[in-house]
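**Q** The structure follows.
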Amino acid sequence: MCGIVGYIGHRNVADVLVKGLQSLEYRGYDSAGIAVIDYPDEEKSVQSPAVHIVKGVGKVAELKSMLAASPVSGRQGIGHTRWATHGGVTEINAHPHSDLSSRLVLVHNGIVENYRELRAELSVPEERYKSETDTEVIAQLLSSLYAGGGAREMIGALVALHGRLRGSFALVIMVKDIPGKIYCLRKGSPLVVGFSEEGEALCASDVPAILPYTQDVVYLDDGDIAELSAEGMRFWSAAGESLEKNETHIDWDVSMVDKGGYSHYMLKEINEQGAVLRSSMARRLSGEGEVDLSAELPWTKEDALAWKRIHIVACGTSYYASLVAERFLETITDLDIRVDVASEYRYRNLPVGPDTLAVFVSQSGETADTLAAERLAKARGARCLAVTNVIGSTLAREVDDILQLKAGPEIGVAATKTFMGQMAVLYLLSLYVGKLRGTLTEAYEKSVGGELLLLPYKIESILQQQELLYRLAILHSDARDFLFLGRGVSFPVALEGALKLKEISYIHAEAYAAGEMKHGPIALLDPRVPVVVITPQDDLHEKTFSNILEAKARKAPVIAIASEGDRSLDSAADNVFNVPTTLPVLSPFLTVVPLQLFAFFVAKLLGCDIDQPRNLAKSVTVE
Ligand code: F6R
């Protein structure tokens with residue numbers, strides 16, 4: 001949600017900002033803008049600093065056209081993509097915003113909760129505010145805290161500002177009378193900064209905007225203030241004390257954030273899933289299928305034996321990956337397992353304490369609900385583990401232990417390869433916990449581990465059959481409602497398949513545990529409602545088969561996702577897509593792939609904006 005970029009350096013600032021904003025488009029936004037300050041220098045005839053703000057509703061491409069029509073120049077600038085919260089989607093509400101006297105200009109991610117109170121206190125006549133945003137109030141407040149004493153005084157003003165704002169914010173600020181500097185302040189919303197070998201300083205809400213210039217970054221912590229200049233980066237705490245910050249090396253390279261010849265990021269990411277599984281298992285699973293996470297998790301047998309329960313908490317697709325893992329975990333441990341959506345978990349009165357392993361699953365590591373749930377579990381003394389793709393994320397920095405997904409950057413808003421990585425890591429975690437607690441036999445560990453190692457090849461064989469899924473999409477892209485059904489581990493796969501379809505094609509899709517169909521949703525069935533049934537070869541196959549017959553009796557078209565060699569569905573389903581055989585408990589790793597591709601092709605046929613579906617944001621940083 002919202003993207004921020006800031007740059008000081010020798011390149012064309014507007015180009016760097018636009019490129020940076022484009023690399024953050026996946027975060028979701030409805031308007032975009034930049035501000036560039038042009039300072040007088042010897043080579044220029046400019047007499048006093050000129051602040052150029054260019055902003056508007058719509059995509060970054062439109063901002064780029066505006067800049068092509070009226071170019072701006074300068075050595076430093078800030079940019080923003082806005083996902084509207086306070087005030088409608090208008091040019092005036094788009095960032096950057098200035099204070100009333102235009103002494104400073106800033107961009108902001110997050111929500112300032114006490115902005116009405118501050119607005120009243122600033123006693124500026126209402127009509128003088130240009131926008132409806134909380135951000136303009138921040139600009140005005142900062143201007144009132146800064147008397148014009150230059151860089152040294154600015155740090156004090158930012159300390160005071162931090163003390164006055166309630167809520168979450170990442171702020172990036174330029175002050176007209178402080179040339180060559182950009183200021184950052186963070187609380188709650190992510191902000192990362194970096195300095196290139198060529199003497200360029202950058203800041204952004206996420207690393208893809210910085211990667212073309214440097215892979216060494218500093219993640220700001222809550223309360224941190226950063227000052228960026230062509231000389232380097234300096235840091236202060238919320239109390240105004242000077243700080244030393246460590247750099248994190250990002251092992252993603254810039255080629256990972258382009259489309260690599262694919263038409264869409266989502267298609268690229270679906271096709272990367274075999275590789276994601278391999279990298280998620282590397283150094284964690286031996287060639288014999290034995291799991292060892294001791295390099296990442298310093299847990300002893302005594303720690304594991306002290307746990308009474310495991311809570312797994314997540315949102316959206318990450319929640320569905322957790323539900324898949326729940327079914328596996330409960331077969332190999334004797335612990336009480338509970339999986340919950342983060343937005344509910346924190347409002348329940350659940351037993352959570354030092355005897356709880358609390359696992360937080362979040363691709364971005366920035367999801368507000370998941371972070372709030374983690375803080376609750378931590379405050380109650382639980383051992384907190386993050387399963388995340390982003391090693392420098394807020395979640396990763398707050399927990400006791402981390403298991404990284406190793407999926408590489410996921411740019412498509414709809415999660416695909418990180419779902420795969422989450423399932424892989426959660427399965428390895430399950431095996432490891434079972435092993436530590438002694439509830440897992442070596443033979444079973446090796447049979448699951450050995451089969452996990454084969455899954456990348458099997459996924460790649462599914463990816464060879466994309467043409468078949470495209471044809472299925474042509475057959476069904478005019479449907480307005482879909483039902484997805486599955487039992488056991490296939491139920492969360494049905495949930496994920498329905499979510500993928502609805503978020504990128506805007507077709508209504510509901511998922512049910514197959515046995516629940518006759519308790520209500522069957523009323524919806526008729527020839528216009530396709531039913532997608534996930535029914536790999538397992539103990540529940542016969543029961544799901546009965547549900548297929550029930551759907552067929554109501555003339556609903558049935559698409560079955562089944563195991564290779566299963567001929568039983570040939571006459572029962574209208575279309576069958578086969579996936580390679582595997583252990584029943586591992587079938588989600590295979591059955592989800594055709595569902596992702598099916599959703600992709602339907603959305604493509606409908607002309608939808610697949611990588612940036614309407615209203616959605618990649619990283620949901622508000623509750
Ligand atoms: C769906 C999707 C979302 C996210 C959810 C949680 O395709 O991407 O449902 O899974 O917003 O995000 P993370 O995993 O970043 O916490």
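Here's how to read the names in the structure tokens: chain A, B, ... by the order shown, residue numbers from 1 in each chain, ligand numbers from 1 in the order shown.
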Skip Ser70 of chain A itself and residues of its chain fewer than 4 positions away, then list as a list of chain:residue names all residues within 12 Å of it, counting only C-alpha atoms.
**A**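 Final neighbour list, sorted by chain and number: A:Ala14, A:His52, A:Ile53, A:Val54, A:Lys55, A:Leu63, A:Lys64, A:Ser65, A:Met66.
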**Q** Take the residues from that selection and write them out as an mmCIF file, in the first residue's frame, keeping all heavy atoms.
**A**
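What landed in selection-v1.cif:
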```cif
data_model
loop_
_atom_site.group_PDB
_atom_site.id
_atom_site.type_symbol
_atom_site.label_atom_id
_atom_site.label_comp_id
_atom_site.auth_asym_id
_atom_site.auth_seq_id
_atom_site.Cartn_x
_atom_site.Cartn_y
_atom_site.Cartn_z
ATOM 1 N N ALA A 14 14.081 12.772 -11.951
ATOM 2 C CA ALA A 14 12.698 12.377 -12.291
ATOM 3 C C ALA A 14 12.683 10.955 -12.850
ATOM 4 O O ALA A 14 11.806 10.153 -12.511
ATOM 5 C CB ALA A 14 12.105 13.363 -13.285
ATOM 6 N N HIS A 52 9.475 21.637 -7.708
ATOM 7 C CA HIS A 52 8.551 21.244 -8.774
ATOM 8 C C HIS A 52 7.760 20.043 -8.283
ATOM 9 O O HIS A 52 8.354 19.007 -7.966
ATOM 10 C CB HIS A 52 9.320 20.824 -10.030
ATOM 11 C CG HIS A 52 10.306 21.843 -10.480
ATOM 12 N ND1 HIS A 52 9.933 23.006 -11.115
ATOM 13 C CD2 HIS A 52 11.669 21.886 -10.380
ATOM 14 C CE1 HIS A 52 11.022 23.706 -11.400
ATOM 15 N NE2 HIS A 52 12.076 23.053 -10.959
ATOM 16 N N ILE A 53 6.460 20.200 -8.232
ATOM 17 C CA ILE A 53 5.612 19.049 -7.853
ATOM 18 C C ILE A 53 4.774 18.685 -9.066
ATOM 19 O O ILE A 53 4.099 19.542 -9.641
ATOM 20 C CB ILE A 53 4.696 19.381 -6.652
ATOM 21 C CG1 ILE A 53 5.547 19.719 -5.425
ATOM 22 C CG2 ILE A 53 3.770 18.208 -6.353
ATOM 23 C CD1 ILE A 53 4.761 20.018 -4.161
ATOM 24 N N VAL A 54 4.854 17.404 -9.447
ATOM 25 C CA VAL A 54 4.035 16.922 -10.561
ATOM 26 C C VAL A 54 3.277 15.709 -10.033
ATOM 27 O O VAL A 54 3.892 14.751 -9.556
ATOM 28 C CB VAL A 54 4.917 16.506 -11.770
ATOM 29 C CG1 VAL A 54 4.053 16.049 -12.928
ATOM 30 C CG2 VAL A 54 5.810 17.650 -12.182
ATOM 31 N N LYS A 55 1.956 15.747 -10.088
ATOM 32 C CA LYS A 55 1.203 14.619 -9.540
ATOM 33 C C LYS A 55 -0.148 14.516 -10.214
ATOM 34 O O LYS A 55 -0.632 15.483 -10.821
ATOM 35 C CB LYS A 55 1.059 14.747 -8.027
ATOM 36 C CG LYS A 55 0.361 16.011 -7.535
ATOM 37 C CD LYS A 55 0.384 16.037 -6.009
ATOM 38 C CE LYS A 55 -0.396 17.193 -5.427
ATOM 39 N NZ LYS A 55 -0.444 17.175 -3.972
ATOM 40 N N LEU A 63 1.968 9.657 -15.090
ATOM 41 C CA LEU A 63 2.893 10.621 -14.484
ATOM 42 C C LEU A 63 4.093 10.813 -15.416
ATOM 43 O O LEU A 63 4.562 11.941 -15.642
ATOM 44 C CB LEU A 63 3.347 10.090 -13.117
ATOM 45 C CG LEU A 63 4.406 10.899 -12.377
ATOM 46 C CD1 LEU A 63 3.843 12.230 -11.904
ATOM 47 C CD2 LEU A 63 4.928 10.130 -11.157
ATOM 48 N N LYS A 64 4.549 9.705 -15.969
ATOM 49 C CA LYS A 64 5.705 9.755 -16.875
ATOM 50 C C LYS A 64 5.387 10.636 -18.097
ATOM 51 O O LYS A 64 6.216 11.441 -18.523
ATOM 52 C CB LYS A 64 6.021 8.319 -17.316
ATOM 53 C CG LYS A 64 7.380 8.137 -17.850
ATOM 54 C CD LYS A 64 7.633 6.648 -18.088
ATOM 55 C CE LYS A 64 8.923 6.489 -18.886
ATOM 56 N NZ LYS A 64 9.174 5.105 -19.203
ATOM 57 N N SER A 65 4.170 10.488 -18.623
ATOM 58 C CA SER A 65 3.798 11.324 -19.783
ATOM 59 C C SER A 65 3.744 12.792 -19.384
ATOM 60 O O SER A 65 4.173 13.669 -20.150
ATOM 61 C CB SER A 65 2.417 10.938 -20.322
ATOM 62 O OG SER A 65 2.339 9.588 -20.523
ATOM 63 N N MET A 66 3.232 13.061 -18.174
ATOM 64 C CA MET A 66 3.176 14.454 -17.724
ATOM 65 C C MET A 66 4.590 15.036 -17.650
ATOM 66 O O MET A 66 4.845 16.182 -18.039
ATOM 67 C CB MET A 66 2.512 14.548 -16.338
ATOM 68 C CG MET A 66 1.006 14.339 -16.363
ATOM 69 S SD MET A 66 0.356 13.820 -14.763
ATOM 70 C CE MET A 66 0.427 15.297 -13.852
#
```
**Q** Taking only C-alpha atoms and all ligand atoms into account, which residues have an atom no farther than 7 Å from ligand 1? I'd like them as a VMD selection string.
**A** chain A and resid 314 to 318 361 to 367 370 413 to 416 499 to 500 618 to 620
**Q** Suppose we keep N, CA and C atoms; can you now write the selection as a compact mmCIF listing (two decimals), in the first residue's frame?
**A**
```txt
# COMPACT_ATOMS: atom_id res chain seq x y z
N ALA A 314 -2.03 -15.92 10.12
CA ALA A 314 -1.69 -15.32 8.82
C ALA A 314 -2.95 -14.69 8.22
N CYS A 315 -2.80 -14.10 7.04
CA CYS A 315 -3.94 -13.52 6.31
C CYS A 315 -3.92 -14.05 4.87
N GLY A 316 -5.10 -14.07 4.26
CA GLY A 316 -5.23 -14.34 2.83
C GLY A 316 -4.58 -15.64 2.39
N THR A 317 -3.80 -15.54 1.32
CA THR A 317 -3.13 -16.73 0.78
C THR A 317 -2.21 -17.37 1.81
N SER A 318 -1.57 -16.55 2.61
CA SER A 318 -0.66 -17.10 3.64
C SER A 318 -1.47 -17.92 4.66
N VAL A 361 2.87 -16.28 9.48
CA VAL A 361 3.22 -16.54 8.08
C VAL A 361 2.83 -15.31 7.27
N SER A 362 3.82 -14.68 6.66
CA SER A 362 3.53 -13.46 5.90
C SER A 362 4.59 -13.28 4.83
N GLN A 363 4.17 -13.31 3.59
CA GLN A 363 5.10 -13.08 2.48
C GLN A 363 5.87 -11.79 2.70
N SER A 364 5.14 -10.70 2.91
CA SER A 364 5.77 -9.37 3.00
C SER A 364 6.41 -9.12 4.35
N GLY A 365 5.86 -9.74 5.39
CA GLY A 365 6.33 -9.43 6.74
C GLY A 365 5.90 -8.05 7.21
N GLU A 366 4.96 -7.43 6.48
CA GLU A 366 4.53 -6.07 6.83
C GLU A 366 3.02 -6.01 7.07
N THR A 367 2.32 -7.12 6.98
CA THR A 367 0.86 -7.10 7.11
C THR A 367 0.45 -6.65 8.52
N THR A 370 -1.16 -9.18 10.94
CA THR A 370 -0.25 -10.24 11.36
C THR A 370 0.75 -9.70 12.38
N VAL A 413 0.58 -8.95 -7.67
CA VAL A 413 -0.16 -8.76 -6.41
C VAL A 413 -0.72 -10.08 -5.90
N ALA A 414 -1.20 -10.92 -6.81
CA ALA A 414 -1.74 -12.22 -6.38
C ALA A 414 -0.58 -13.15 -6.04
N ALA A 415 -0.57 -13.63 -4.82
CA ALA A 415 0.54 -14.48 -4.37
C ALA A 415 0.45 -15.85 -5.03
N THR A 416 1.56 -16.32 -5.57
CA THR A 416 1.59 -17.67 -6.18
C THR A 416 2.82 -18.43 -5.68
N LEU A 499 -9.80 -17.92 -4.36
CA LEU A 499 -9.25 -16.57 -4.10
C LEU A 499 -8.50 -16.05 -5.33
N LYS A 500 -7.68 -16.92 -5.93
CA LYS A 500 -6.92 -16.47 -7.11
C LYS A 500 -7.88 -16.01 -8.21
N LYS A 618 -0.32 -5.18 -2.51
CA LYS A 618 0.53 -6.33 -2.23
C LYS A 618 0.84 -6.43 -0.74
N SER A 619 0.99 -5.30 -0.13
CA SER A 619 1.40 -5.32 1.26
C SER A 619 0.34 -4.51 2.02
N VAL A 620 -0.41 -5.19 2.88
CA VAL A 620 -1.57 -4.54 3.50
C VAL A 620 -1.15 -4.00 4.87
```
**Q** Using DSSP secondary structure from the backbone, list all strand (DSSP E or B) positions within segment 71-162 of chain A, as a PyMOL selection string.
**A** chain A and resi 76-82+97-98+104-112
**Q** Write out, as an mmCIF file, in the first residue's frame, the residues just selected, with N, CA, C and O atoms.
**A**
```cif
data_model
loop_
_atom_site.group_PDB
_atom_site.id
_atom_site.type_symbol
_atom_site.label_atom_id
_atom_site.label_comp_id
_atom_site.auth_asym_id
_atom_site.auth_seq_id
_atom_site.Cartn_x
_atom_site.Cartn_y
_atom_site.Cartn_z
ATOM 1 N N GLN A 76 17.781 16.278 -6.443
ATOM 2 C CA GLN A 76 17.170 15.477 -5.382
ATOM 3 C C GLN A 76 15.649 15.513 -5.507
ATOM 4 O O GLN A 76 15.074 16.527 -5.926
ATOM 5 N N GLY A 77 15.037 14.402 -5.163
ATOM 6 C CA GLY A 77 13.585 14.362 -5.298
ATOM 7 C C GLY A 77 12.970 13.230 -4.495
ATOM 8 O O GLY A 77 13.659 12.318 -4.003
ATOM 9 N N ILE A 78 11.648 13.315 -4.359
ATOM 10 C CA ILE A 78 10.899 12.265 -3.662
ATOM 11 C C ILE A 78 9.679 11.915 -4.511
ATOM 12 O O ILE A 78 9.171 12.757 -5.260
ATOM 13 N N GLY A 79 9.250 10.677 -4.437
ATOM 14 C CA GLY A 79 8.096 10.248 -5.221
ATOM 15 C C GLY A 79 7.176 9.356 -4.408
ATOM 16 O O GLY A 79 7.584 8.790 -3.379
ATOM 17 N N HIS A 80 5.939 9.206 -4.897
ATOM 18 C CA HIS A 80 4.946 8.493 -4.088
ATOM 19 C C HIS A 80 3.851 7.912 -4.965
ATOM 20 O O HIS A 80 3.433 8.542 -5.949
ATOM 21 N N THR A 81 3.421 6.718 -4.639
ATOM 22 C CA THR A 81 2.173 6.202 -5.213
ATOM 23 C C THR A 81 1.192 6.093 -4.055
ATOM 24 O O THR A 81 1.523 5.513 -3.017
ATOM 25 N N ARG A 82 -0.001 6.647 -4.228
ATOM 26 C CA ARG A 82 -0.961 6.751 -3.109
ATOM 27 C C ARG A 82 -2.085 5.732 -3.253
ATOM 28 O O ARG A 82 -2.659 5.583 -4.334
ATOM 29 N N HIS A 97 3.023 16.471 -0.609
ATOM 30 C CA HIS A 97 2.306 17.606 -0.036
ATOM 31 C C HIS A 97 3.312 18.587 0.574
ATOM 32 O O HIS A 97 4.357 18.172 1.081
ATOM 33 N N SER A 98 2.911 19.868 0.559
ATOM 34 C CA SER A 98 3.763 20.900 1.161
ATOM 35 C C SER A 98 3.054 21.474 2.378
ATOM 36 O O SER A 98 1.841 21.328 2.517
ATOM 37 N N LEU A 104 8.649 23.179 2.905
ATOM 38 C CA LEU A 104 9.072 21.777 2.849
ATOM 39 C C LEU A 104 8.049 20.978 2.071
ATOM 40 O O LEU A 104 6.896 21.419 1.878
ATOM 41 N N VAL A 105 8.484 19.827 1.637
ATOM 42 C CA VAL A 105 7.597 18.966 0.855
ATOM 43 C C VAL A 105 7.839 17.536 1.334
ATOM 44 O O VAL A 105 8.974 17.166 1.660
ATOM 45 N N LEU A 106 6.753 16.762 1.437
ATOM 46 C CA LEU A 106 6.942 15.400 1.957
ATOM 47 C C LEU A 106 5.965 14.406 1.362
ATOM 48 O O LEU A 106 4.934 14.783 0.784
ATOM 49 N N VAL A 107 6.341 13.126 1.498
ATOM 50 C CA VAL A 107 5.438 12.019 1.141
ATOM 51 C C VAL A 107 5.290 11.144 2.369
ATOM 52 O O VAL A 107 6.168 11.117 3.236
ATOM 53 N N HIS A 108 4.184 10.406 2.407
ATOM 54 C CA HIS A 108 3.833 9.690 3.635
ATOM 55 C C HIS A 108 3.118 8.377 3.302
ATOM 56 O O HIS A 108 2.236 8.346 2.458
ATOM 57 N N ASN A 109 3.524 7.323 3.970
ATOM 58 C CA ASN A 109 2.759 6.063 3.956
ATOM 59 C C ASN A 109 2.209 5.857 5.360
ATOM 60 O O ASN A 109 2.898 6.166 6.329
ATOM 61 N N GLY A 110 1.029 5.273 5.460
ATOM 62 C CA GLY A 110 0.467 4.974 6.780
ATOM 63 C C GLY A 110 -0.711 5.879 7.086
ATOM 64 O O GLY A 110 -1.208 6.602 6.215
ATOM 65 N N ILE A 111 -1.136 5.834 8.342
ATOM 66 C CA ILE A 111 -2.293 6.629 8.754
ATOM 67 C C ILE A 111 -1.964 7.318 10.066
ATOM 68 O O ILE A 111 -1.547 6.662 11.031
ATOM 69 N N VAL A 112 -2.133 8.632 10.094
ATOM 70 C CA VAL A 112 -1.939 9.356 11.350
ATOM 71 C C VAL A 112 -3.305 9.502 12.014
ATOM 72 O O VAL A 112 -4.212 10.156 11.490
#
```
**Q** At a cut-off of 7 Å, using only C-alpha atoms, what residues contact segment 297-313 of chain A? Leave out same-chain residues fewer than 4 positions from it and give the result as a short mmCIF file (atom, residue, chain, number, x, y, z; two decimals) with N, CA, C and O atoms, in the first residue's frame.
**A**
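In the end it all went to part.cif:
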```cif
data_model
loop_
_atom_site.label_atom_id
_atom_site.label_comp_id
_atom_site.auth_asym_id
_atom_site.auth_seq_id
_atom_site.Cartn_x
_atom_site.Cartn_y
_atom_site.Cartn_z
N LEU A 293 16.78 -28.15 10.52
CA LEU A 293 16.63 -26.68 10.53
C LEU A 293 17.47 -26.06 11.63
O LEU A 293 17.27 -24.91 12.00
N TYR A 319 -2.69 -17.51 4.90
CA TYR A 319 -3.57 -18.27 5.79
C TYR A 319 -3.92 -19.63 5.16
O TYR A 319 -3.91 -20.66 5.83
N SER A 322 -1.18 -21.94 5.50
CA SER A 322 -1.13 -22.40 6.90
C SER A 322 -2.16 -23.50 7.14
O SER A 322 -1.91 -24.46 7.88
N LEU A 335 0.73 -32.23 19.28
CA LEU A 335 0.40 -30.91 19.84
C LEU A 335 -0.99 -30.45 19.42
O LEU A 335 -1.54 -30.92 18.43
N ASP A 336 -1.49 -29.50 20.20
CA ASP A 336 -2.76 -28.89 19.85
C ASP A 336 -2.46 -27.81 18.79
O ASP A 336 -1.71 -26.88 19.05
N ILE A 337 -3.01 -27.97 17.60
CA ILE A 337 -2.68 -27.04 16.51
C ILE A 337 -3.88 -26.15 16.23
O ILE A 337 -5.00 -26.64 16.09
N ARG A 338 -3.62 -24.86 16.13
CA ARG A 338 -4.71 -23.94 15.80
C ARG A 338 -4.20 -22.97 14.74
O ARG A 338 -3.13 -22.38 14.87
N VAL A 339 -5.00 -22.82 13.69
CA VAL A 339 -4.64 -21.88 12.63
C VAL A 339 -5.72 -20.80 12.60
O VAL A 339 -6.91 -21.14 12.62
N ASP A 340 -5.33 -19.55 12.56
CA ASP A 340 -6.34 -18.49 12.59
C ASP A 340 -5.93 -17.34 11.67
O ASP A 340 -4.75 -17.13 11.42
N VAL A 341 -6.94 -16.59 11.22
CA VAL A 341 -6.62 -15.36 10.49
C VAL A 341 -6.20 -14.31 11.51
O VAL A 341 -6.78 -14.20 12.59
N ALA A 342 -5.20 -13.54 11.14
CA ALA A 342 -4.60 -12.62 12.10
C ALA A 342 -5.60 -11.60 12.62
O ALA A 342 -5.57 -11.21 13.80
N ASP A 355 4.16 -21.74 26.78
CA ASP A 355 4.08 -23.12 26.27
C ASP A 355 3.56 -23.17 24.83
O ASP A 355 3.11 -24.20 24.35
N THR A 356 3.58 -22.01 24.14
CA THR A 356 3.04 -21.93 22.78
C THR A 356 4.15 -21.58 21.79
O THR A 356 4.91 -20.64 22.01
N LEU A 357 4.18 -22.34 20.69
CA LEU A 357 5.00 -21.91 19.55
C LEU A 357 4.03 -21.16 18.63
O LEU A 357 3.06 -21.75 18.14
N ALA A 358 4.28 -19.89 18.44
CA ALA A 358 3.38 -19.07 17.60
C ALA A 358 4.09 -18.76 16.28
O ALA A 358 5.16 -18.15 16.29
N VAL A 359 3.48 -19.23 15.19
CA VAL A 359 4.12 -19.09 13.87
C VAL A 359 3.34 -18.05 13.07
O VAL A 359 2.12 -18.18 12.91
N PHE A 360 4.02 -17.04 12.58
CA PHE A 360 3.37 -15.96 11.81
C PHE A 360 3.84 -16.07 10.37
O PHE A 360 5.04 -16.00 10.10
N VAL A 361 2.87 -16.28 9.48
CA VAL A 361 3.22 -16.54 8.08
C VAL A 361 2.83 -15.31 7.27
O VAL A 361 1.66 -14.93 7.23
N THR A 370 -1.16 -9.18 10.94
CA THR A 370 -0.25 -10.24 11.36
C THR A 370 0.75 -9.70 12.38
O THR A 370 1.07 -10.37 13.38
N ASP A 401 12.56 -16.15 16.05
CA ASP A 401 13.20 -16.99 15.03
C ASP A 401 12.58 -16.71 13.67
O ASP A 401 11.42 -16.29 13.57
N VAL A 433 9.63 -30.22 13.93
CA VAL A 433 9.00 -30.24 15.26
C VAL A 433 8.69 -31.68 15.66
O VAL A 433 8.96 -32.11 16.79
N LEU A 436 11.95 -33.31 16.68
CA LEU A 436 12.43 -32.88 18.00
C LEU A 436 11.59 -33.49 19.12
O LEU A 436 12.11 -33.84 20.17
N ARG A 437 10.32 -33.60 18.88
CA ARG A 437 9.44 -34.14 19.94
C ARG A 437 9.39 -35.66 19.92
O ARG A 437 8.73 -36.27 20.77
#
```
**Q** Could you check which of A:Glu503, A:Asp134, A:Glu326, A:Glu200 is closest to Leu429 of chain A, using only C-alpha atoms?
**A** A:Glu326
**Q** Would you list the contacts of segment 490-498 of chain A as an MDAnalysis selection string, taking every protein, DNA or RNA residue within 7 Å and counting only C-alpha atoms, but skipping same-chain residues closer than 3 positions in sequence?
**A** chainID A and resid 317 320 323:324 484:487 501:502 509:513 534 588 592 595:596
**Q** Restricting the calculation to only C-alpha atoms: of A:Tyr444, A:Phe419, A:Tyr506, A:Phe601, which residue gets closest to Glu288 of chain A?
**A**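 Using only C-alpha atoms, Glu288 of chain A sits closest to A:Tyr444.
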**Q** Just want the 10 Å neighbourhood of Gly199 of chain A, counted on only C-alpha atoms, with same-chain residues fewer than 3 positions away dropped. Output as a ChimeraX atom specification.
**A** /A:8-10,195-196,202,213,229-232
**Q** So that I can see what lies close to Asp400 of chain A, please list as a CSV table (one decimal) with all heavy atoms, in the first residue's frame the residues with an atom at most 9 Å from it, counting only C-alpha atoms and leaving out residues fewer than 5 positions away in the same chain.
**A**
```
chain,number,residue,atom,x,y,z
A,378,LYS,N,3.7,-12.3,21.5
A,378,LYS,CA,5.0,-12.0,22.1
A,378,LYS,C,4.9,-11.5,23.6
A,378,LYS,O,5.5,-11.9,24.5
A,378,LYS,CB,5.8,-11.0,21.3
A,378,LYS,CG,7.2,-10.9,21.6
A,378,LYS,CD,7.9,-10.0,20.6
A,378,LYS,CE,9.4,-10.0,20.8
A,378,LYS,NZ,10.1,-9.2,19.8
A,383,ARG,N,6.8,-18.4,22.1
A,383,ARG,CA,8.0,-18.4,21.2
A,383,ARG,C,7.5,-18.0,19.8
A,383,ARG,O,6.7,-18.7,19.2
A,383,ARG,CB,8.6,-19.8,21.2
A,383,ARG,CG,9.8,-19.9,20.3
A,383,ARG,CD,11.1,-19.7,21.2
A,383,ARG,NE,12.3,-19.5,20.3
A,383,ARG,CZ,13.5,-19.5,20.8
A,383,ARG,NH1,13.7,-19.7,22.1
A,383,ARG,NH2,14.5,-19.4,20.0
A,384,CYS,N,8.0,-16.9,19.3
A,384,CYS,CA,7.4,-16.4,18.0
A,384,CYS,C,8.4,-16.7,16.8
A,384,CYS,O,9.6,-16.3,16.9
A,384,CYS,CB,7.1,-14.9,18.1
A,384,CYS,SG,5.8,-14.5,19.2
A,385,LEU,N,7.8,-17.3,15.8
A,385,LEU,CA,8.6,-17.6,14.6
A,385,LEU,C,7.9,-17.0,13.4
A,385,LEU,O,6.7,-17.0,13.2
A,385,LEU,CB,8.6,-19.2,14.4
A,385,LEU,CG,9.0,-19.7,13.0
A,385,LEU,CD1,10.5,-19.5,12.8
A,385,LEU,CD2,8.7,-21.2,12.9
A,386,ALA,N,8.7,-16.3,12.6
A,386,ALA,CA,8.2,-15.7,11.3
A,386,ALA,C,8.6,-16.6,10.2
A,386,ALA,O,9.7,-17.1,10.0
A,386,ALA,CB,8.8,-14.4,11.1
```
**Q** Taking 5 positions as the minimum chain separation for residues in the same chain, which residues sit within 9 Å of Leu472 of chain A when counting only C-alpha atoms? Answer as an mmCIF file with N, CA and C atoms, in the first residue's frame.
**A**
```cif
data_model
loop_
_atom_site.group_PDB
_atom_site.id
_atom_site.type_symbol
_atom_site.label_atom_id
_atom_site.label_comp_id
_atom_site.auth_asym_id
_atom_site.auth_seq_id
_atom_site.Cartn_x
_atom_site.Cartn_y
_atom_site.Cartn_z
ATOM 1 N N GLU A 467 -1.365 -25.116 -22.148
ATOM 2 C CA GLU A 467 -2.296 -24.979 -23.265
ATOM 3 C C GLU A 467 -3.675 -25.547 -22.891
ATOM 4 N N SER A 477 -14.737 -18.758 -19.276
ATOM 5 C CA SER A 477 -14.469 -17.375 -18.848
ATOM 6 C C SER A 477 -15.726 -16.505 -18.832
ATOM 7 N N ILE A 559 -15.182 -29.355 -13.461
ATOM 8 C CA ILE A 559 -13.760 -29.452 -13.838
ATOM 9 C C ILE A 559 -13.078 -30.159 -12.675
ATOM 10 N N ASN A 575 -14.508 -31.959 -17.590
ATOM 11 C CA ASN A 575 -13.098 -31.803 -17.943
ATOM 12 C C ASN A 575 -12.254 -32.285 -16.784
ATOM 13 N N PHE A 598 -5.252 -21.480 -14.328
ATOM 14 C CA PHE A 598 -6.634 -21.308 -14.796
ATOM 15 C C PHE A 598 -7.094 -19.873 -14.497
ATOM 16 N N PHE A 601 -5.395 -17.430 -16.889
ATOM 17 C CA PHE A 601 -5.896 -17.403 -18.272
ATOM 18 C C PHE A 601 -7.302 -16.799 -18.348
ATOM 19 N N VAL A 602 -8.138 -17.083 -17.360
ATOM 20 C CA VAL A 602 -9.482 -16.482 -17.366
ATOM 21 C C VAL A 602 -9.338 -14.952 -17.301
#
```
**Q** Would you mind writing down, as number ranges by chain, each residue of segment 273-377 of chain A that DSSP on the backbone assigns to helix (DSSP H, G or I)?
**A** A: 273-281, 301-306, 316-332, 342-345, 368-377
**Q** Residues of segment 37-112 of chain A within 9 Å of segment 128-131 of chain A: nearest atom pair and distance (Å, one decimal) for each, counting only C-alpha atoms, sorted by chain and number, as JSON lines?
**A**
```
{"residue": "A:Gly87", "atom": "CA", "partner": "A:Ser131", "partner_atom": "CA", "distance": 7.7}
{"residue": "A:Ile92", "atom": "CA", "partner": "A:Ser131", "partner_atom": "CA", "distance": 5.6}
{"residue": "A:Asn93", "atom": "CA", "partner": "A:Ser131", "partner_atom": "CA", "distance": 5.1}
{"residue": "A:Ala94", "atom": "CA", "partner": "A:Ser131", "partner_atom": "CA", "distance": 8.6}
{"residue": "A:His97", "atom": "CA", "partner": "A:Ser131", "partner_atom": "CA", "distance": 8.7}
{"residue": "A:Asp99", "atom": "CA", "partner": "A:Tyr129", "partner_atom": "CA", "distance": 8.9}
{"residue": "A:Leu100", "atom": "CA", "partner": "A:Tyr129", "partner_atom": "CA", "distance": 7.4}
```
